[in-house]
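> I'd like to ask you about the structure that follows.
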2 protein chains.
Amino acid sequence: MSNQQLMKHLMAPDSIAVLGASNRPESIGGRPIKFLKDYGFKGAVYPINPKYETIQGLPCYKDISSIPQKADLLIIITKPNSILQAMRDAKARKIPAVMIITSGFSESGDDGKKLEEALVTYARDNEMLVMGPNCQGFVNFDKKVTATFTGALSRGNLQQGNICLISQSGAMSGMLYAMAVDLGIGFSYLISGGNESIVTTSHFIDYAVDDDRTDAICVYMEGIKDAPLLKAAARKAVEQDKPIVAMKVGKSEAGSKAASSHTGALASSDAIVDSFMKQSGILRVETTDDLFDAMKVFSNGKRSDGNRIGVVSISGGAGVVMADACEKYQMTLPKLSGETEKELSANIPAFGSPHNPVDLTAQVLTAYEKFYHCIETVAADESVDAVVIFIGLLEHLKDNLLKAIEDLNAVTQKPILVTWLAATPEIKSWFYEKKIPLFEDSDRCIFGASLLWRYTALKREVMLPIERTGDDLTASVHEMYKGINGFLNEWDSKQMIAAAGVMTDSPIVAADAAALASIAEKLNYPVAVKVLSQSILHKSDIGGVVLNVGDKTALLNAYTSILDNVEANGLASAFEGVIVSPMRPKGTEMIVGIKKDPHLGTAVVLGMGGTMVEILKDSVMQLIPIDKRNAVKMIDSLKSRKMLYGYRDIARKDIDALAAIIVRVSDLCMARPDIQEMDINPIFVYDEGQGAVALDALIKLEV
Amino acid sequence: MSNQQLMKHLMAPDSIAVLGASNRPESIGGRPIKFLKDYGFKGAVYPINPKYETIQGLPCYKDISSIPQKADLLIIITKPNSILQAMRDAKARKIPAVMIITSGFSESGDDGKKLEEALVTYARDNEMLVMGPNCQGFVNFDKKVTATFTGALSRGNLQQGNICLISQSGAMSGMLYAMAVDLGIGFSYLISGGNESIVTTSHFIDYAVDDDRTDAICVYMEGIKDAPLLKAAARKAVEQDKPIVAMKVGKSEAGSKAASSHTGALASSDAIVDSFMKQSGILRVETTDDLFDAMKVFSNGKRSDGNRIGVVSISGGAGVVMADACEKYQMTLPKLSGETEKELSANIPAFGSPHNPVDLTAQVLTAYEKFYHCIETVAADESVDAVVIFIGLLEHLKDNLLKAIEDLNAVTQKPILVTWLAATPEIKSWFYEKKIPLFEDSDRCIFGASLLWRYTALKREVMLPIERTGDDLTASVHEMYKGINGFLNEWDSKQMIAAAGVMTDSPIVAADAAALASIAEKLNYPVAVKVLSQSILHKSDIGGVVLNVGDKTALLNAYTSILDNVEANGLASAFEGVIVSPMRPKGTEMIVGIKKDPHLGTAVVLGMGGTMVEILKDSVMQLIPIDKRNAVKMIDSLKSRKMLYGYRDIARKDIDALAAIIVRVSDLCMARPDIQEMDINPIFVYDEGQGAVALDALIKLEV
């Protein structure tokens, strides 16, 4: 299915048959024909409809078997229950790809779901490529393939360019396209795959990465299907320096509920989606405005090497706004070199400013030479990674200004971004044509610059190799508790993480009072005594924990009290004995656990422990496999990382030991996909060089 | 100066003289004349320039004394050093208001500053109203007073409406106006006051609040001058339900540096600006896009009673985006009533959704009746405070859709906001004309709705009376340490807060070893011993603190060790003895201090204490006076408030006692404006009913 040759039949067909073609150009069955004709598709088009001799001036065929030549692509717009037969007919005519516009499938109840399953089975068995059903279709702008009924094409423009826009929402695809057209953005492909029962957004992205005419891929995403393919495609994209930008909606709980009722895609928890995107090298944005800004900056091929912006403005006020925006988007305004400032001073009136953000004053803009010299001086400064120019109104000076900007853009490798407030339509068109990113709000402009830098940083991060790990896992890890379905008790859970290399508090088990009495002399007091049970998950809640037990007598009392409490809670049958561990000195409390997503895989979650941090919800997650570098990066991402790295009278903690636990948990989960849940809570992390120890652990296995 | 009658001469003149008028309509001296003529100002215009007989077709006068009749307003565009004389001439002709466009004053060095000071002195002595210097001027749209040279008016439109736009940046004023015009927004005034040496932005706001044609005031603000007037004007605005929306720039450190070099306004720390705005009832926004959105929603007079949005969409995908945006902007998507959902179900196809966000599907939009009935049903639901309608493309259905939206808008009191993606220019114009807020991005639309709610909430909060407090402050508070300049030592500082009613740890002072020995028997051990000194601010840093001193011997040892440490640090001359307090049981550590801003006043700062929270920077501030309700609101605003309100095994703390300390500190600062700095750190807050105690305090007085 990821076969590019096969995808080409679908996405770049030489000939297209349309089953259910209509003579009414405005109807769903009429539009694809009308668009193919109007926009000049060069290949053959075969309308099929038993009721007509001709459709919109083209010869019409009564059925699939009657078309004069094999078609690459069959578009289907007939009733749901006619489609399986149509696919059989297509198979007979050796048509390799089918696009089903028709709705009434899995999106609309159980009967539709069954129909769709039948289609999928047939297509899989017969190696047919199916786009849809319930889809808006796609446009291949270079070949003028308008296999879509989107109303956006009724406006009469097919704006070709280098952006591939994919939208999982059919309605949004046309709207986003139409708006982008108004912003001067051109496209290689516009794609909306509907129910994605066979060909998914991941396939389209994979295809677009290999497409020579596509320089960036922008996706309106509701759910992720086929995550491994998406990840592989994203990796390829990173290697080719081809940005993938996704507006993944359904962030909020309410939004994700709305998303799941809409697409049927199982909504993934947002944090894990975020990790998946970051680790795959996909740049995530939030709003449609963000997506347009991404199109603007990435349709221009320039890249940013850092986050340092040189701002050249005609107004001190605008410089202030830019400075605020830089802080908001984690960009910086570097100090320019003494030489640069000197050169600027010589060209700027006294009421301007040669310091970044540079205030040229409107006066400098009246002459090409002076303006060019100033922006060129800032662009040449080594401390600057991208140049942002701010202008407003001044259309009477546009000839000079535009020429200077164009000339600078041609000679510098650095990205040039322009905010031109209240620009006239003529000025806007000029920028669109030159593909120099233009913004009408300073904040958005800095956001655009931040996208460039975020992409470079993301790419660098993704390109770093992940060290091989897990090679030294004990053989026992692979076999322990194999086949068990359900929670392991604390002792078993600790055995398992210990086998993977996580240091625990080395507990001892006693199944009953006699067993406890027999070990009581050998213990190092004080100890902690806890109920042992596969099914009692919240041990303290039922009085199943006694801490700081100082001697043998206290130990036997603790046993009795725990057993009493277990019985009082009606849990006698769940009692498996007690687990005894030496008390450990208090360390910085941390939590390491996992979160599994059915689509995206397993993530390790790291959190600060203790009440204070629980209140502040300070945690980070990362999908496995995780090596040491990434484990340390996770620790670095905690808001309260200073508690670990040392602050005032708090000593630096054993970061290496904590990172090792994260890596070990990742290794363990790689080795044992049957681990469904894991929670190591708390872990005490001690001062540097003193290690870290797991005081409690809980694992759930599922075969 | 706040006299509205006087301001009317400036802002609504019947006759205008222009000193330095030019025959070149595109020059700075030519533009005001050209605009006054082109846009149809009905009053008299007197160009003054000794070189000409006529200016742009009007009779020209050789000097101010020659104009045929008294003018209300004199616009000056002549050289800086000619202006004082011009003002004398104006005074002689009884011209009450002067606007100085000319630059070269305080914004450009010391000579300019002196010139400006001379102008100010003359104007103050002679009760003349002066706008500027170095200003762009203003437009009164109703009277067609175009007292400005902004290039924005060269585009040939004067778009009248109900928004007063004030910009402290001259460049930004024209740009913002031109952009807003493109968004269909109309204005009552456009104002940019330049250096604001006499008439400030606060005066303009105050004037606009009383202006009948103004329904909302939008301000691009760089610094606050004349805070008391602004606060009073804002109060009046709240009472009249007239929103003031300010984009206050210079949030970031870099931005505020850029701002201060630009306007010369002393940049206030941003948090205190935020408090000032909130407490005054001014709605603060961040970006120019935000400001335009505010203009859209407030030029329509409707208000929101709550944050509950009913979304009606034609696409499930759009609903998801709206849901995400609601979370982002603290709005909610309420569950609609069973009745509402039933009614919607009867009108929506099965693949739509009657649950909020409602997905009508495009199908429902083909008929006026069905669409109207659906949006009306949602608007009528009691759980909905505002209705957001999402449409995209579909220009062929616009007649039905627009009529339904207009009809609903006419019958419901609730705000109707519309997102119409890829709307045609014709559709946009329709919305502009009807003043129904239109957005091209769902996120912005929900932001717009959030502004409506934020304004209502802000207004309610500001209208709540502040209880009188401080009546029972001891008389001693008013006299203690009066006239002292500098830091008080810990004992004096504690005396002062104790006199204001803050409970301290009741320390005892011993000036030397003998004095200490004489009290040693009477102490309740253990005690804390600290060096006492006006000038040693960081006592622990020099070994000036010994805690947990258990008996007399230890006490005398502690004294010796402290004295040794003080001497070792070369601070013997600063030594005033030691201060001894009984050790207190540990409570939840809090910090209460103050922050003074030269323009905005004194704010009380409340923060969580302890290392963890220091790392997380959890603090809030509020300007005085603060009553109990506001003190509790401050506590409620802490991120880690659960530490005080109880969480898991943490008991609820004595909120009342902590709130009382905040109120007492506010009272104390009201009574003693000579308090420049204050820091009570730490305060131990105990469990509910157990009180709170200040363990350390530092006050600085300045006469």
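Starting from 1 in every chain, residues are counted up; chains themselves are A, B, ... following the order of the structure tokens, and ligands are numbered from 1 as listed.
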For chain B against chain A, which residues fall within 7 Å using only C-alpha atoms, given as a VMD selection string?
chain B and resid 107 to 108 152 169 171 175 178 to 179 249 to 252 254 to 256 258 to 259 262 287 to 289 315 to 317 319 to 321 323 to 324 327 351 392 to 393 421 to 422 441 443 615 to 616 640 642
> Please return as number ranges by chain: the residues of region 267-305 of chain A that backbone DSSP assigns to helix (DSSP H, G or I).
A: 270-280, 288-299
> Selected residues, C-alpha atoms, written as a short mmCIF file (atom, residue, chain, number, x, y, z; two decimals), in the first residue's frame, please.

data_model
loop_
_atom_site.label_atom_id
_atom_site.label_comp_id
_atom_site.auth_asym_id
_atom_site.auth_seq_id
_atom_site.Cartn_x
_atom_site.Cartn_y
_atom_site.Cartn_z
CA ASP A 270 -3.27 14.83 23.67
CA ALA A 271 0.02 14.71 25.53
CA ILE A 272 1.00 11.46 23.88
CA VAL A 273 0.03 12.87 20.47
CA ASP A 274 2.31 15.79 21.21
CA SER A 275 5.18 13.44 22.06
CA PHE A 276 4.54 11.40 18.93
CA MET A 277 4.69 14.48 16.72
CA LYS A 278 7.80 15.87 18.37
CA GLN A 279 9.62 12.56 18.25
CA SER A 280 8.60 12.01 14.62
CA THR A 288 -5.90 27.70 11.12
CA ASP A 289 -4.06 31.03 11.26
CA ASP A 290 -1.01 29.11 12.48
CA LEU A 291 -1.36 26.74 9.56
CA PHE A 292 -1.47 29.60 7.06
CA ASP A 293 1.59 31.14 8.64
CA ALA A 294 3.37 27.82 8.27
CA MET A 295 2.41 27.74 4.59
CA LYS A 296 3.82 31.23 4.16
CA VAL A 297 7.20 30.54 5.70
CA PHE A 298 7.67 27.05 4.29
CA SER A 299 6.65 27.80 0.73
#
> Which distance in Å separates CA of Ala568 (chain A) and CA of Met678 (chain A), to one decimal?
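Distance between the two atoms: 28.5 Å.
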> Report as a PyMOL selection string all protein, DNA and RNA residues lying within 12 Å of Ala498 (chain A), evaluated on only C-alpha atoms, omitting residues in the same chain fewer than 2 positions from it.
chain A and resi 473-474+476-477+480+490-496+500-507+661+664-665+668+680+693-697
> The selected residues should be written to file as a PDB file, in the first residue's frame (atoms: C-alpha atoms).

ATOM      1  CA  LEU A 473      18.607  -6.940  30.019  1.00  0.00           C
ATOM      2  CA  THR A 474      18.712 -10.223  31.917  1.00  0.00           C
ATOM      3  CA  SER A 476      14.803 -13.565  32.947  1.00  0.00           C
ATOM      4  CA  VAL A 477      13.034 -10.327  31.984  1.00  0.00           C
ATOM      5  CA  MET A 480       9.089 -13.595  33.991  1.00  0.00           C
ATOM      6  CA  GLU A 490       4.219  -5.438  44.759  1.00  0.00           C
ATOM      7  CA  TRP A 491       6.824  -8.158  45.227  1.00  0.00           C
ATOM      8  CA  ASP A 492       6.410  -9.536  41.717  1.00  0.00           C
ATOM      9  CA  SER A 493       6.344  -6.030  40.246  1.00  0.00           C
ATOM     10  CA  LYS A 494       9.566  -5.185  42.034  1.00  0.00           C
ATOM     11  CA  GLN A 495      11.143  -8.472  40.918  1.00  0.00           C
ATOM     12  CA  MET A 496      10.385  -7.522  37.350  1.00  0.00           C
ATOM     13  CA  ALA A 500      15.428  -4.893  34.232  1.00  0.00           C
ATOM     14  CA  GLY A 501      18.012  -3.089  36.339  1.00  0.00           C
ATOM     15  CA  VAL A 502      15.957  -0.716  38.511  1.00  0.00           C
ATOM     16  CA  MET A 503      17.168  -0.668  42.081  1.00  0.00           C
ATOM     17  CA  THR A 504      14.376  -1.418  44.565  1.00  0.00           C
ATOM     18  CA  ASP A 505      14.305  -1.405  48.345  1.00  0.00           C
ATOM     19  CA  SER A 506      14.980  -5.185  48.322  1.00  0.00           C
ATOM     20  CA  PRO A 507      11.866  -6.387  50.081  1.00  0.00           C
ATOM     21  CA  ILE A 661      15.583   4.192  35.665  1.00  0.00           C
ATOM     22  CA  ARG A 664      15.415   0.733  32.100  1.00  0.00           C
ATOM     23  CA  VAL A 665      11.649   1.164  32.117  1.00  0.00           C
ATOM     24  CA  LEU A 668      11.554  -3.317  29.890  1.00  0.00           C
ATOM     25  CA  ILE A 680       6.884   3.151  40.137  1.00  0.00           C
ATOM     26  CA  VAL A 693      15.643   3.578  44.708  1.00  0.00           C
ATOM     27  CA  ALA A 694      12.100   2.439  43.881  1.00  0.00           C
ATOM     28  CA  LEU A 695       9.986   2.126  47.016  1.00  0.00           C
ATOM     29  CA  ASP A 696       6.813   0.853  45.431  1.00  0.00           C
ATOM     30  CA  ALA A 697       5.903  -0.600  42.047  1.00  0.00           C
TER      31      ALA A 697
END
> Within 7 Å of Val388 (chain A), counting only C-alpha atoms, which residues qualify if same-chain residues fewer than 6 places away don't, as a list in words?
Ile309, Gly310, Val311, Val312, Ile416, Leu417 and Val418 of chain A
> Take the residues from that selection and write them out as a PDB file, in the first residue's frame, keeping all heavy atoms.

ATOM      1  N   ILE A 309      16.546  37.060  16.225  1.00  0.00           N
ATOM      2  CA  ILE A 309      15.907  37.881  15.210  1.00  0.00           C
ATOM      3  C   ILE A 309      16.474  39.288  15.199  1.00  0.00           C
ATOM      4  O   ILE A 309      16.578  39.929  16.247  1.00  0.00           O
ATOM      5  CB  ILE A 309      14.399  38.014  15.492  1.00  0.00           C
ATOM      6  CG1 ILE A 309      13.814  36.644  15.776  1.00  0.00           C
ATOM      7  CG2 ILE A 309      13.694  38.741  14.384  1.00  0.00           C
ATOM      8  CD1 ILE A 309      12.845  36.161  14.793  1.00  0.00           C
ATOM      9  N   GLY A 310      16.826  39.761  14.029  1.00  0.00           N
ATOM     10  CA  GLY A 310      17.155  41.166  13.867  1.00  0.00           C
ATOM     11  C   GLY A 310      15.924  41.886  13.347  1.00  0.00           C
ATOM     12  O   GLY A 310      15.422  41.564  12.279  1.00  0.00           O
ATOM     13  N   VAL A 311      15.415  42.824  14.130  1.00  0.00           N
ATOM     14  CA  VAL A 311      14.198  43.540  13.731  1.00  0.00           C
ATOM     15  C   VAL A 311      14.573  44.910  13.188  1.00  0.00           C
ATOM     16  O   VAL A 311      15.328  45.651  13.820  1.00  0.00           O
ATOM     17  CB  VAL A 311      13.228  43.697  14.917  1.00  0.00           C
ATOM     18  CG1 VAL A 311      12.069  44.622  14.549  1.00  0.00           C
ATOM     19  CG2 VAL A 311      12.697  42.346  15.371  1.00  0.00           C
ATOM     20  N   VAL A 312      14.076  45.232  12.005  1.00  0.00           N
ATOM     21  CA  VAL A 312      14.254  46.566  11.440  1.00  0.00           C
ATOM     22  C   VAL A 312      12.864  47.162  11.267  1.00  0.00           C
ATOM     23  O   VAL A 312      12.035  46.615  10.546  1.00  0.00           O
ATOM     24  CB  VAL A 312      14.958  46.514  10.071  1.00  0.00           C
ATOM     25  CG1 VAL A 312      15.251  47.932   9.596  1.00  0.00           C
ATOM     26  CG2 VAL A 312      16.234  45.708  10.148  1.00  0.00           C
ATOM     27  N   ILE A 416      14.023  36.308   5.345  1.00  0.00           N
ATOM     28  CA  ILE A 416      13.519  37.677   5.502  1.00  0.00           C
ATOM     29  C   ILE A 416      12.010  37.566   5.673  1.00  0.00           C
ATOM     30  O   ILE A 416      11.333  36.997   4.815  1.00  0.00           O
ATOM     31  CB  ILE A 416      13.779  38.524   4.240  1.00  0.00           C
ATOM     32  CG1 ILE A 416      15.224  38.398   3.761  1.00  0.00           C
ATOM     33  CG2 ILE A 416      13.371  39.977   4.450  1.00  0.00           C
ATOM     34  CD1 ILE A 416      16.225  39.036   4.665  1.00  0.00           C
ATOM     35  N   LEU A 417      11.490  38.097   6.748  1.00  0.00           N
ATOM     36  CA  LEU A 417      10.042  38.110   6.956  1.00  0.00           C
ATOM     37  C   LEU A 417       9.600  39.556   7.084  1.00  0.00           C
ATOM     38  O   LEU A 417      10.313  40.376   7.676  1.00  0.00           O
ATOM     39  CB  LEU A 417       9.655  37.339   8.217  1.00  0.00           C
ATOM     40  CG  LEU A 417       9.991  35.843   8.235  1.00  0.00           C
ATOM     41  CD1 LEU A 417      11.355  35.611   8.851  1.00  0.00           C
ATOM     42  CD2 LEU A 417       8.946  35.059   9.015  1.00  0.00           C
ATOM     43  N   VAL A 418       8.453  39.866   6.534  1.00  0.00           N
ATOM     44  CA  VAL A 418       8.010  41.262   6.513  1.00  0.00           C
ATOM     45  C   VAL A 418       6.635  41.397   7.165  1.00  0.00           C
ATOM     46  O   VAL A 418       5.720  40.616   6.883  1.00  0.00           O
ATOM     47  CB  VAL A 418       7.961  41.791   5.063  1.00  0.00           C
ATOM     48  CG1 VAL A 418       7.446  43.225   5.039  1.00  0.00           C
ATOM     49  CG2 VAL A 418       9.351  41.708   4.425  1.00  0.00           C
TER      50      VAL A 418
END
> Could you check how far CA of Asn195 (chain B) sits from CA of Lys144 (chain B), in Å to one decimal?
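So the answer is 24.1 Å.
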> Can you pull out every residue within 8 Å of region 121-129 of chain B, counting only C-alpha atoms, but drop anything in the same chain fewer than 4 positions away, and send it as a list in words?
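Neighbouring residues, sequence-local ones excluded: Met1, Leu6, Met7, Leu10, Leu84, Met87, Lys91, Pro96, Ala97, Val98, Glu117, Ile198 and Val199 of chain B.
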> For N, CA and C atoms, I'd like the residues from the last selection saved as an mmCIF file, in the first residue's frame.

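See again_6.cif below for the written result:
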data_model
loop_
_atom_site.group_PDB
_atom_site.id
_atom_site.type_symbol
_atom_site.label_atom_id
_atom_site.label_comp_id
_atom_site.auth_asym_id
_atom_site.auth_seq_id
_atom_site.Cartn_x
_atom_site.Cartn_y
_atom_site.Cartn_z
ATOM 1 N N MET B 1 -7.919 70.826 33.615
ATOM 2 C CA MET B 1 -7.500 70.139 32.389
ATOM 3 C C MET B 1 -8.474 69.036 32.002
ATOM 4 N N LEU B 6 -13.367 72.571 27.988
ATOM 5 C CA LEU B 6 -12.089 72.967 27.426
ATOM 6 C C LEU B 6 -11.641 71.940 26.380
ATOM 7 N N MET B 7 -11.783 70.653 26.720
ATOM 8 C CA MET B 7 -11.377 69.603 25.794
ATOM 9 C C MET B 7 -12.167 69.697 24.488
ATOM 10 N N LEU B 10 -10.578 71.631 21.788
ATOM 11 C CA LEU B 10 -9.552 70.869 21.088
ATOM 12 C C LEU B 10 -10.172 69.816 20.178
ATOM 13 N N LEU B 84 7.025 78.837 21.012
ATOM 14 C CA LEU B 84 6.644 79.573 22.222
ATOM 15 C C LEU B 84 5.981 80.902 21.833
ATOM 16 N N MET B 87 2.529 80.416 20.665
ATOM 17 C CA MET B 87 1.571 80.228 21.750
ATOM 18 C C MET B 87 1.193 81.560 22.377
ATOM 19 N N LYS B 91 -2.499 82.982 22.549
ATOM 20 C CA LYS B 91 -3.086 83.491 23.791
ATOM 21 C C LYS B 91 -3.710 84.870 23.539
ATOM 22 N N PRO B 96 -8.065 78.832 22.629
ATOM 23 C CA PRO B 96 -7.931 78.043 23.866
ATOM 24 C C PRO B 96 -7.120 76.755 23.718
ATOM 25 N N ALA B 97 -7.024 76.245 22.487
ATOM 26 C CA ALA B 97 -6.371 74.937 22.337
ATOM 27 C C ALA B 97 -5.364 74.958 21.205
ATOM 28 N N VAL B 98 -4.244 74.286 21.446
ATOM 29 C CA VAL B 98 -3.157 74.259 20.473
ATOM 30 C C VAL B 98 -2.734 72.805 20.257
ATOM 31 N N GLU B 117 9.837 71.909 28.028
ATOM 32 C CA GLU B 117 9.520 72.386 29.378
ATOM 33 C C GLU B 117 9.024 73.835 29.361
ATOM 34 N N ILE B 198 1.084 67.883 27.953
ATOM 35 C CA ILE B 198 -0.009 68.426 28.764
ATOM 36 C C ILE B 198 -1.237 67.520 28.681
ATOM 37 N N VAL B 199 -1.790 67.412 27.482
ATOM 38 C CA VAL B 199 -2.947 66.527 27.323
ATOM 39 C C VAL B 199 -2.420 65.109 27.115
#
> Just the residues within 12 Å of Tyr559 (chain B), please, counting only C-alpha atoms, with nothing from its chain fewer than 4 positions along; format it as a VMD selection string.
chain B and resid 510 to 517 520 528 to 532 543 to 547 549 552 to 555 563 to 566 575 577 to 580
> From the DSSP assignment of the backbone, select every residue of region 24-263 of chain A that is strand (DSSP E), and format the answer as an NGL selection string.
:A and (44-48 or 54-55 or 58-59 or 73-76 or 97-100 or 129-131 or 137-140 or 145-148 or 160-167 or 187-192 or 216-221 or 244-248)
